[in-house]
file final-v5.pdb (PDB, C-alpha atoms and all ligand atoms)
MODEL        1
ATOM      1  CA  MET A  30     -15.333 -24.766  29.457
ATOM      2  CA  VAL A  31     -13.653 -22.953  26.548
ATOM      3  CA  LYS A  32     -14.803 -24.138  23.148
ATOM      4  CA  PRO A  33     -11.996 -25.471  20.897
ATOM      5  CA  TRP A  34     -13.003 -23.186  18.018
ATOM      6  CA  PHE A  35     -12.669 -20.203  20.356
ATOM      7  CA  THR A  36      -9.127 -21.263  21.333
ATOM      8  CA  LEU A  37      -8.343 -21.698  17.640
ATOM      9  CA  ILE A  38      -9.597 -18.207  16.777
ATOM     10  CA  LEU A  39      -7.747 -16.742  19.762
ATOM     11  CA  SER A  40      -4.475 -18.439  18.846
ATOM     12  CA  SER A  41      -4.713 -17.370  15.212
ATOM     13  CA  MET A  42      -5.432 -13.817  16.375
ATOM     14  CA  LEU A  43      -2.334 -14.023  18.572
ATOM     15  CA  LEU A  44      -0.292 -15.280  15.625
ATOM     16  CA  ILE A  45      -1.531 -12.404  13.473
ATOM     17  CA  ALA A  46      -0.755  -9.912  16.256
ATOM     18  CA  MET A  47       2.714 -11.438  16.667
ATOM     19  CA  SER A  48       3.415 -11.160  12.974
ATOM     20  CA  LEU A  49       2.305  -7.511  13.002
ATOM     21  CA  VAL A  50       4.431  -6.322  15.917
ATOM     22  CA  HIS A  51       7.810  -7.285  14.503
ATOM     23  CA  GLY A  52       8.150  -3.981  12.653
ATOM     24  CA  ILE A  53      11.084  -3.045  14.839
ATOM     25  CA  ASP A  54      14.211  -5.090  15.484
ATOM     26  CA  GLN A  55      13.717  -7.827  18.057
ATOM     27  CA  ASP A  56      16.011  -9.669  20.449
ATOM     28  CA  PRO A  57      17.582 -13.002  19.333
ATOM     29  CA  LEU A  58      15.089 -15.123  21.304
ATOM     30  CA  ALA A  59      12.134 -13.453  19.595
ATOM     31  CA  VAL A  60      13.806 -13.995  16.215
ATOM     32  CA  GLU A  61      14.391 -17.675  17.088
ATOM     33  CA  GLU A  62      10.715 -17.994  18.077
ATOM     34  CA  TRP A  63       9.711 -16.446  14.756
ATOM     35  CA  PHE A  64      11.837 -19.022  12.889
ATOM     36  CA  LYS A  65      10.206 -21.861  14.836
ATOM     37  CA  ASN A  66       6.808 -20.642  13.617
ATOM     38  CA  LEU A  67       8.016 -20.272  10.029
ATOM     39  CA  PRO A  68       6.709 -23.694   8.836
ATOM     40  CA  THR A  69       3.144 -22.713   9.854
ATOM     41  CA  MET A  70       3.252 -19.248   8.299
ATOM     42  CA  THR A  71       1.754 -18.549   4.921
ATOM     43  CA  GLN A  72       3.637 -16.660   2.252
ATOM     44  CA  LYS A  73       2.329 -13.180   1.419
ATOM     45  CA  GLN A  74       2.822 -11.048  -1.650
ATOM     46  CA  THR A  75       3.222  -7.300  -1.244
ATOM     47  CA  HIS A  76       3.376  -4.649  -3.940
ATOM     48  CA  LEU A  77       5.073  -1.376  -3.025
ATOM     49  CA  HIS A  78       5.020   1.735  -5.165
ATOM     50  CA  PHE A  79       7.052   4.862  -4.465
ATOM     51  CA  TYR A  80       9.355   7.488  -5.975
ATOM     52  CA  LEU A  81      13.056   7.791  -5.169
ATOM     53  CA  HIS A  82      14.549  11.299  -5.184
ATOM     54  CA  ASP A  83      18.267  11.135  -6.003
ATOM     55  CA  LEU A  84      19.512  14.685  -5.424
ATOM     56  CA  VAL A  85      23.167  15.140  -6.291
ATOM     57  CA  SER A  86      23.213  18.933  -6.601
ATOM     58  CA  GLY A  87      21.853  22.000  -4.824
ATOM     59  CA  THR A  88      22.290  23.058  -1.216
ATOM     60  CA  SER A  89      21.057  19.826   0.370
ATOM     61  CA  PRO A  90      22.102  16.878  -1.792
ATOM     62  CA  THR A  91      21.041  13.397  -0.607
ATOM     63  CA  ALA A  92      23.643  11.514  -2.658
ATOM     64  CA  MET A  93      27.294  12.369  -2.992
ATOM     65  CA  ARG A  94      30.366  10.972  -4.628
ATOM     66  CA  VAL A  95      32.740   9.420  -2.122
ATOM     67  CA  ALA A  96      35.346   7.869  -4.461
ATOM     68  CA  GLN A  97      36.436   7.548  -8.071
ATOM     69  CA  SER A  98      39.019   5.740 -10.195
ATOM     70  CA  THR A  99      41.872   7.233 -12.196
ATOM     71  CA  ILE A 100      39.779   6.934 -15.387
ATOM     72  CA  THR A 101      36.408   8.138 -14.007
ATOM     73  CA  SER A 102      36.762  11.718 -15.284
ATOM     74  CA  THR A 103      37.615  10.601 -18.842
ATOM     75  CA  SER A 104      35.356   7.533 -18.983
ATOM     76  CA  PRO A 105      32.115   7.984 -21.004
ATOM     77  CA  THR A 106      30.311   6.007 -18.293
ATOM     78  CA  ALA A 107      32.165   7.633 -15.352
ATOM     79  CA  PHE A 108      33.452   4.136 -14.623
ATOM     80  CA  GLY A 109      34.592   3.614 -11.058
ATOM     81  CA  PHE A 110      32.754   6.398  -9.287
ATOM     82  CA  LEU A 111      31.079   5.507  -6.011
ATOM     83  CA  ALA A 112      28.317   7.506  -4.340
ATOM     84  CA  MET A 113      26.740   7.204  -0.900
ATOM     85  CA  ALA A 114      23.031   7.973  -0.820
ATOM     86  CA  ASP A 115      20.302   8.634   1.730
ATOM     87  CA  ASP A 116      17.564   9.358  -0.812
ATOM     88  CA  LYS A 117      13.964  10.183   0.091
ATOM     89  CA  LEU A 118      11.220   7.711  -0.897
ATOM     90  CA  THR A 119       7.840   9.374  -1.391
ATOM     91  CA  THR A 120       4.325   8.399  -2.455
ATOM     92  CA  GLY A 121       4.317  10.767  -5.431
ATOM     93  CA  PRO A 122       6.909  12.304  -7.765
ATOM     94  CA  GLU A 123       6.614  15.876  -6.388
ATOM     95  CA  PRO A 124       9.431  17.102  -4.099
ATOM     96  CA  ASN A 125       6.922  17.820  -1.292
ATOM     97  CA  SER A 126       5.153  14.455  -1.588
ATOM     98  CA  THR A 127       4.671  12.344   1.584
ATOM     99  CA  VAL A 128       7.894  10.619   2.696
ATOM    100  CA  VAL A 129       7.504   6.858   3.282
ATOM    101  CA  GLY A 130      11.165   5.912   3.676
ATOM    102  CA  ARG A 131      14.749   6.345   2.540
ATOM    103  CA  ALA A 132      17.047   4.491   0.168
ATOM    104  CA  GLN A 133      20.354   4.245   1.991
ATOM    105  CA  GLY A 134      23.417   2.749   0.410
ATOM    106  CA  ILE A 135      26.133   2.829  -2.193
ATOM    107  CA  TYR A 136      25.845   2.935  -5.941
ATOM    108  CA  GLY A 137      28.612   3.191  -8.472
ATOM    109  CA  SER A 138      29.452   2.926 -12.143
ATOM    110  CA  ALA A 139      30.353  -0.699 -12.823
ATOM    111  CA  CYS A 140      30.082  -0.808 -16.615
ATOM    112  CA  LEU A 141      32.594   0.402 -19.214
ATOM    113  CA  GLU A 142      30.243   0.044 -22.206
ATOM    114  CA  GLU A 143      27.112   1.930 -21.095
ATOM    115  CA  SER A 144      25.786   3.673 -18.006
ATOM    116  CA  GLY A 145      25.302   0.705 -15.695
ATOM    117  CA  LEU A 146      25.276   1.107 -11.940
ATOM    118  CA  LEU A 147      25.873  -1.459  -9.248
ATOM    119  CA  MET A 148      23.136  -0.747  -6.667
ATOM    120  CA  THR A 149      23.565  -1.866  -3.059
ATOM    121  CA  MET A 150      20.750  -0.146  -1.203
ATOM    122  CA  ASN A 151      18.679  -0.652   1.902
ATOM    123  CA  LEU A 152      15.107   0.558   1.510
ATOM    124  CA  VAL A 153      14.297   1.818   5.009
ATOM    125  CA  PHE A 154      10.563   2.289   5.488
ATOM    126  CA  THR A 155       9.166   4.823   7.956
ATOM    127  CA  GLY A 156       5.493   4.913   6.973
ATOM    128  CA  GLY A 157       2.472   3.060   8.365
ATOM    129  CA  ASP A 158       2.584  -0.762   8.510
ATOM    130  CA  TYR A 159       6.161  -0.925   7.242
ATOM    131  CA  ASN A 160       7.652   1.578   9.705
ATOM    132  CA  GLY A 161      10.973   0.153  10.927
ATOM    133  CA  SER A 162      11.130  -2.590   8.292
ATOM    134  CA  THR A 163      13.733  -2.754   5.541
ATOM    135  CA  LEU A 164      14.314  -4.398   2.164
ATOM    136  CA  SER A 165      17.773  -4.975   0.708
ATOM    137  CA  LEU A 166      18.251  -4.341  -2.993
ATOM    138  CA  LEU A 167      21.259  -5.591  -4.941
ATOM    139  CA  GLY A 168      21.325  -5.280  -8.686
ATOM    140  CA  ARG A 169      22.316  -3.687 -11.952
ATOM    141  CA  ASN A 170      20.778  -0.367 -12.912
ATOM    142  CA  ALA A 171      21.291   0.594 -16.566
ATOM    143  CA  VAL A 172      19.941   4.084 -15.929
ATOM    144  CA  PHE A 173      19.070   4.957 -19.527
ATOM    145  CA  HIS A 174      16.967   1.828 -20.099
ATOM    146  CA  PRO A 175      13.193   2.370 -19.829
ATOM    147  CA  TYR A 176      12.831  -0.315 -17.125
ATOM    148  CA  ARG A 177      15.510  -1.737 -14.841
ATOM    149  CA  GLU A 178      14.861  -4.934 -12.968
ATOM    150  CA  MET A 179      16.758  -5.455  -9.737
ATOM    151  CA  PRO A 180      16.598  -8.283  -7.191
ATOM    152  CA  ILE A 181      15.364  -7.799  -3.642
ATOM    153  CA  VAL A 182      17.613 -10.175  -1.750
ATOM    154  CA  GLY A 183      16.238  -9.952   1.775
ATOM    155  CA  GLY A 184      14.564  -7.865   4.417
ATOM    156  CA  SER A 185      13.923  -7.203   8.080
ATOM    157  CA  GLY A 186      10.899  -6.546  10.273
ATOM    158  CA  VAL A 187       7.691  -7.408   8.416
ATOM    159  CA  PHE A 188       9.923  -8.239   5.439
ATOM    160  CA  ARG A 189      11.992 -10.990   7.128
ATOM    161  CA  MET A 190      13.128 -13.586   4.540
ATOM    162  CA  ALA A 191      11.765 -11.429   1.728
ATOM    163  CA  ARG A 192      12.638 -12.059  -1.885
ATOM    164  CA  GLY A 193      11.417 -10.129  -4.840
ATOM    165  CA  VAL A 194      11.926  -7.855  -7.790
ATOM    166  CA  ALA A 195      12.188  -4.082  -7.961
ATOM    167  CA  THR A 196      11.435  -2.306 -11.227
ATOM    168  CA  ALA A 197      12.832   1.190 -11.672
ATOM    169  CA  LYS A 198      11.658   3.674 -14.289
ATOM    170  CA  THR A 199      13.053   7.191 -14.571
ATOM    171  CA  HIS A 200      10.308   9.757 -13.989
ATOM    172  CA  ASP A 201      12.476  12.833 -14.301
ATOM    173  CA  PHE A 202      16.170  13.314 -15.000
ATOM    174  CA  ASN A 203      17.803  16.730 -15.108
ATOM    175  CA  LEU A 204      20.860  16.365 -17.355
ATOM    176  CA  THR A 205      22.301  19.664 -16.088
ATOM    177  CA  SER A 206      22.084  19.028 -12.347
ATOM    178  CA  GLY A 207      22.136  15.217 -12.408
ATOM    179  CA  ASP A 208      19.112  15.105 -10.078
ATOM    180  CA  ALA A 209      16.681  12.267 -10.758
ATOM    181  CA  VAL A 210      13.239  11.152  -9.658
ATOM    182  CA  VAL A 211      12.787   7.425 -10.216
ATOM    183  CA  GLU A 212       9.542   5.473  -9.989
ATOM    184  CA  TYR A 213       9.857   2.126  -8.178
ATOM    185  CA  ASN A 214       7.501  -0.832  -8.159
ATOM    186  CA  VAL A 215       8.580  -3.564  -5.767
ATOM    187  CA  MET A 216       7.016  -7.037  -5.694
ATOM    188  CA  VAL A 217       8.049  -9.141  -2.700
ATOM    189  CA  VAL A 218       7.094 -12.449  -1.172
ATOM    190  CA  HIS A 219       7.507 -12.634   2.607
ATOM    191  CA  TYR A 220       5.759 -14.103   5.657
TER     192      TYR A 220
HETATM  193  C1  LIG A 301       3.298  20.751  -3.141
HETATM  194  O1  LIG A 301       3.725  21.902  -3.856
HETATM  195  C2  LIG A 301       2.803  22.355  -4.836
HETATM  196  C3  LIG A 301       3.413  23.580  -5.542
HETATM  197  O2  LIG A 301       4.739  23.309  -5.910
HETATM  198  C4  LIG A 301       1.467  22.728  -4.193
HETATM  199  O3  LIG A 301       0.542  23.090  -5.192
HETATM  200  C5  LIG A 301       0.933  21.530  -3.387
HETATM  201  O4  LIG A 301      -0.218  21.909  -2.673
HETATM  202  C6  LIG A 301       1.981  21.022  -2.414
HETATM  203  N1  LIG A 301       1.488  19.794  -1.783
HETATM  204  C7  LIG A 301       1.604  19.546  -0.488
HETATM  205  C8  LIG A 301       1.062  18.233  -0.017
HETATM  206  O5  LIG A 301       2.124  20.330   0.303
HETATM  207  C1  LIG A 302       7.755   5.038  13.163
HETATM  208  O1  LIG A 302       8.403   4.466  14.288
HETATM  209  C2  LIG A 302       9.119   5.407  15.062
HETATM  210  C3  LIG A 302       9.909   4.660  16.134
HETATM  211  O2  LIG A 302       9.374   3.424  16.464
HETATM  212  C4  LIG A 302       8.133   6.411  15.640
HETATM  213  O3  LIG A 302       8.824   7.374  16.405
HETATM  214  C5  LIG A 302       7.392   7.107  14.491
HETATM  215  O4  LIG A 302       6.411   7.975  14.994
HETATM  216  C6  LIG A 302       6.740   6.079  13.592
HETATM  217  N1  LIG A 302       6.194   6.743  12.405
HETATM  218  C7  LIG A 302       5.010   6.447  11.893
HETATM  219  C8  LIG A 302       4.618   7.215  10.674
HETATM  220  O5  LIG A 302       4.276   5.595  12.359
HETATM  221  C1  LIG A 303      17.885  21.428 -13.977
HETATM  222  O1  LIG A 303      18.952  21.785 -13.140
HETATM  223  C2  LIG A 303      19.418  23.112 -13.369
HETATM  224  C3  LIG A 303      20.671  23.318 -12.532
HETATM  225  O2  LIG A 303      20.456  22.994 -11.181
HETATM  226  C4  LIG A 303      18.312  24.111 -13.017
HETATM  227  O3  LIG A 303      18.751  25.421 -13.250
HETATM  228  C5  LIG A 303      17.082  23.808 -13.871
HETATM  229  O4  LIG A 303      15.998  24.613 -13.485
HETATM  230  C6  LIG A 303      16.680  22.333 -13.740
HETATM  231  N1  LIG A 303      15.635  22.022 -14.714
HETATM  232  C7  LIG A 303      14.424  21.591 -14.365
HETATM  233  C8  LIG A 303      13.495  21.306 -15.486
HETATM  234  O5  LIG A 303      14.088  21.410 -13.194
ENDMDL
END
call {"tool": "encode", "arguments": {"input": "final-v5.pdb", "output": "structure tokens"}}
result
Amino acid sequence: MVKPWFTLILSSMLLIAMSLVHGIDQDPLAVEEWFKNLPTMTQKQTHLHFYLHDLVSGTSPTAMRVAQSTITSTSPTAFGFLAMADDKLTTGPEPNSTVVGRAQGIYGSACLEESGLLMTMNLVFTGGDYNGSTLSLLGRNAVFHPYREMPIVGGSGVFRMARGVATAKTHDFNLTSGDAVVEYNVMVVHY
């Protein structure tokens, strides 16, 4: 006869295994099953640290302007410009540092008074435990402030139902080219 404690250990191991495998998108039934288990799941906190490389110049830019307003060229804050980005996320600030994901999305100048961007980005992770999982960032990025705090409004994969805060700090900004390397710390709660 199987001891109850053994069944308990086995079922918790299964639960852990189940929560680990959802790194890639699952079918609706699997998602429904996950939601059913939600009340028994414990909340986790995860801290992510990486560098975002926003390259707007050179031969292989990763962010480019896709639209602008009639006043963008004369506005001190380039108000109304929109850019589409697929920026590299790496472990270190160097250009050849290990890639752990991409920041894919749209950012644009949404402030007339100072440089303030509206950021709508999906952080798409490709490294290790987070491979195939995403976090969605939506916030205001006043690029010349030392720290910019932006909400994480959701996620997928291991980051389902995530909420959190991203803090951006400019590591390097080339005023001539417009290229930037930005340090990100992301704190999220998820299941
Ligand atoms: C990255 O490039 C620097 C020189 O620019 C070199 O010293 C270093 O070894 C390189 N690192 C990797 C991981 O390739
Ligand atoms: C990430 O997942 C993709 C597809 O599932 C796979 O091809 C790739 O090798 C994985 N990368 C890492 C670093 O595990
Ligand atoms: C800044 O960008 C300009 C133009 O692309 C380039 O010539 C220069 O070397 C860059 N400066 C640094 C410090 O990387």
call {"tool": "resolve_selection", "arguments": {"input": "final-v5.pdb", "expression": "the PyMOL selection byres (((chain A and resi 101-106) around 8) and not hetatm)", "output": "number ranges by chain"}}
result
A: 97-100, 107-110, 138, 140-145
call {"tool": "closest_residue", "arguments": {"input": "final-v5.pdb", "among": "A:Thr155, A:Thr75, A:Thr120, A:Ser86", "to": "Ala195 in chain A", "atoms": "all atoms listed in the file"}}
result
A:Thr75
call {"tool": "resolve_selection", "arguments": {"input": "final-v5.pdb", "expression": "the PyMOL selection byres (((not hetatm)) within 7 of (chain A and resi 301))", "output": "PyMOL selection string"}}
result
chain A and resi 123+125-126
call {"tool": "residues_around", "arguments": {"input": "final-v5.pdb", "residues": "range 182-194 of chain A", "least_positions_apart": "4", "cutoff": "7 Å", "atoms": "only C-alpha atoms", "output": "ChimeraX atom specification"}}
result
/A:51-54,159,161-167,178,215-219
call {"tool": "resolve_selection", "arguments": {"input": "final-v5.pdb", "expression": "the PyMOL selection byres (((not hetatm)) within 7 of (chain A and resi 303))", "output": "number ranges by chain"}}
result
A: 86-87, 203-206
call {"tool": "closest_residue", "arguments": {"input": "final-v5.pdb", "among": "A:Gly156, A:Gly137, A:Pro57, A:Pro180", "to": "ligand LIG 302 (chain A)", "atoms": "all atoms listed in the file"}}
result
A:Gly156
call {"tool": "axis_aligned_box", "arguments": {"input": "final-v5.pdb", "around": "ligand LIG 302 (chain A)", "padding_each_side": "4 Å", "output": "JSON"}}
result
{"center_x": 7.1, "center_y": 5.7, "center_z": 13.6, "size_x": 13.6, "size_y": 12.6, "size_z": 13.8}
call {"tool": "closest_residue", "arguments": {"input": "final-v5.pdb", "among": "A:Ala96, A:His78, A:Tyr136, A:Leu67", "to": "Gly121 in chain A", "atoms": "only C-alpha atoms"}}
result
A:His78
call {"tool": "atom_distance", "arguments": {"input": "final-v5.pdb", "atom1": "CA of Arg169 in chain A", "atom2": "CA of Ile135 in chain A"}}
result
12.3 Å
call {"tool": "atom_distance", "arguments": {"input": "final-v5.pdb", "atom1": "CA of Pro122 in chain A", "atom2": "CA of Phe202 in chain A"}}
result
11.8 Å
call {"tool": "closest_residue", "arguments": {"input": "final-v5.pdb", "among": "A:Val128, A:Leu77, A:Leu118, A:Leu147", "to": "ligand LIG 302 (chain A)", "atoms": "all atoms listed in the file"}}
result
A:Val128
call {"tool": "atom_distance", "arguments": {"input": "final-v5.pdb", "atom1": "CA of Asn170 in chain A", "atom2": "CA of Ala114 in chain A"}}
result
14.9 Å
call {"tool": "residues_around", "arguments": {"input": "final-v5.pdb", "residues": "Tyr80 in chain A", "least_positions_apart": "4", "cutoff": "12 Å", "atoms": "all atoms listed in the file", "output": "CSV table (one decimal) with C-alpha atoms, in the coordinates of the input"}}
result
chain,number,residue,atom,x,y,z
A,116,ASP,CA,17.6,9.4,-0.8
A,117,LYS,CA,14.0,10.2,0.1
A,118,LEU,CA,11.2,7.7,-0.9
A,119,THR,CA,7.8,9.4,-1.4
A,120,THR,CA,4.3,8.4,-2.5
A,121,GLY,CA,4.3,10.8,-5.4
A,122,PRO,CA,6.9,12.3,-7.8
A,123,GLU,CA,6.6,15.9,-6.4
A,124,PRO,CA,9.4,17.1,-4.1
A,125,ASN,CA,6.9,17.8,-1.3
A,126,SER,CA,5.2,14.5,-1.6
A,127,THR,CA,4.7,12.3,1.6
A,128,VAL,CA,7.9,10.6,2.7
A,129,VAL,CA,7.5,6.9,3.3
A,130,GLY,CA,11.2,5.9,3.7
A,131,ARG,CA,14.7,6.3,2.5
A,132,ALA,CA,17.0,4.5,0.2
A,152,LEU,CA,15.1,0.6,1.5
A,196,THR,CA,11.4,-2.3,-11.2
A,197,ALA,CA,12.8,1.2,-11.7
A,198,LYS,CA,11.7,3.7,-14.3
A,199,THR,CA,13.1,7.2,-14.6
A,200,HIS,CA,10.3,9.8,-14.0
A,201,ASP,CA,12.5,12.8,-14.3
A,209,ALA,CA,16.7,12.3,-10.8
A,210,VAL,CA,13.2,11.2,-9.7
A,211,VAL,CA,12.8,7.4,-10.2
A,212,GLU,CA,9.5,5.5,-10.0
A,213,TYR,CA,9.9,2.1,-8.2
A,214,ASN,CA,7.5,-0.8,-8.2
A,215,VAL,CA,8.6,-3.6,-5.8
call {"tool": "closest_residue", "arguments": {"input": "final-v5.pdb", "among": "A:Val153, A:Met179, A:Met70, A:Ala171", "to": "ligand LIG 302 (chain A)", "atoms": "only C-alpha atoms and all ligand atoms"}}
result
A:Val153
